[in-house]
Every structure is written in structure tokens, then in C-alpha cells.
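Scroll down for the structure; my scribbles are underneath it.
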Amino acid sequence: MDINWGTLAGVFAISLGSTAVVVVLFSLGLAAWSRTGHGAPTSHPPGLRHQKTATATALLCFASCLAVAGYGIGLIVTG
């Protein structure tokens with residue numbers, strides 16, 4: 001049995017990079033979500049435009065994470 005080390009290293013690099021991207025996107029989504037006021041109540045609520053922008057950013061980040069996870073599951077299932 002012969003191992004193609006170049007291909008194995010490429011798969012490792014792609015999986016490590018995509019994992020880092022998903023973690024960063026999810027973290028940015030959580031940070032944006034917390035700025036919308038969905039956490040603990042504050043004495044000075046942010047402006048409506050700021051809330052809409054933060055909510056849209058959070059949803060975009062979470063949708064991107066879901067898309068990457070769905071694509072990975074699709075690759076595994078279809079084999």
C-alpha cells in the first residue's frame with residue numbers, strides 16, 4: 001500500500017483551513033448577534049438601523065456556516 005503524501009497533506013490543509021473559517025464565521029455571527037440586543041437588557045438600546053445590520057450580518061454568518069456544514073455532509077453521503 002502506497003500513501004500519496006502530497007494529496008494527504010492537501011486534504012489536511014483544506015480541512016484545517018475550512019474548519020478555521022467556520023469557527024471564525026460562527027464567532028463573528030455570535031458577536032454580531034450579541035450587538036443586536038438579543039442578550040441581556042441594556043439601558044441604552046442601539047439604533048434600529050444598527051440592529052438590522054447586526055442581525056443581517058449574524059444571519060449571513062450562520063447561514064454560511066450551515067452551507068459549509070451541509071456541503072461537507074453532502075460530500076460524505078454521496079461518497
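Every chain in the C-alpha cells has a letter given in the order shown (A, B, ...), and although residue numbers restart at 1 in each chain, ligands are simply numbered from 1 in the order shown.
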Practice task
Could you give me, as a VMD selection string, each residue of chain A that DSSP assigns to alpha helix (DSSP H) when run on this structure's backbone?
Solution key: chain A and resid 5 to 34 48 to 78
Exercise for the section: Have a look at A:Ile3, A:Val68, A:Cys61, A:Val77 and name the one nearest to Thr19 in chain A; count only C-alpha atoms. Expected result: A:Val68
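Between CA of Ser18 in chain A and CA of Gly6 in chain A the interatomic distance comes to 18.3 Å.
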Handout entry: Residues near Leu60 in chain A, cut-off 8 Å, only C-alpha atoms, skip fewer than 4 positions along chain, as a ChimeraX atom specification
Key = /A:29,56,64
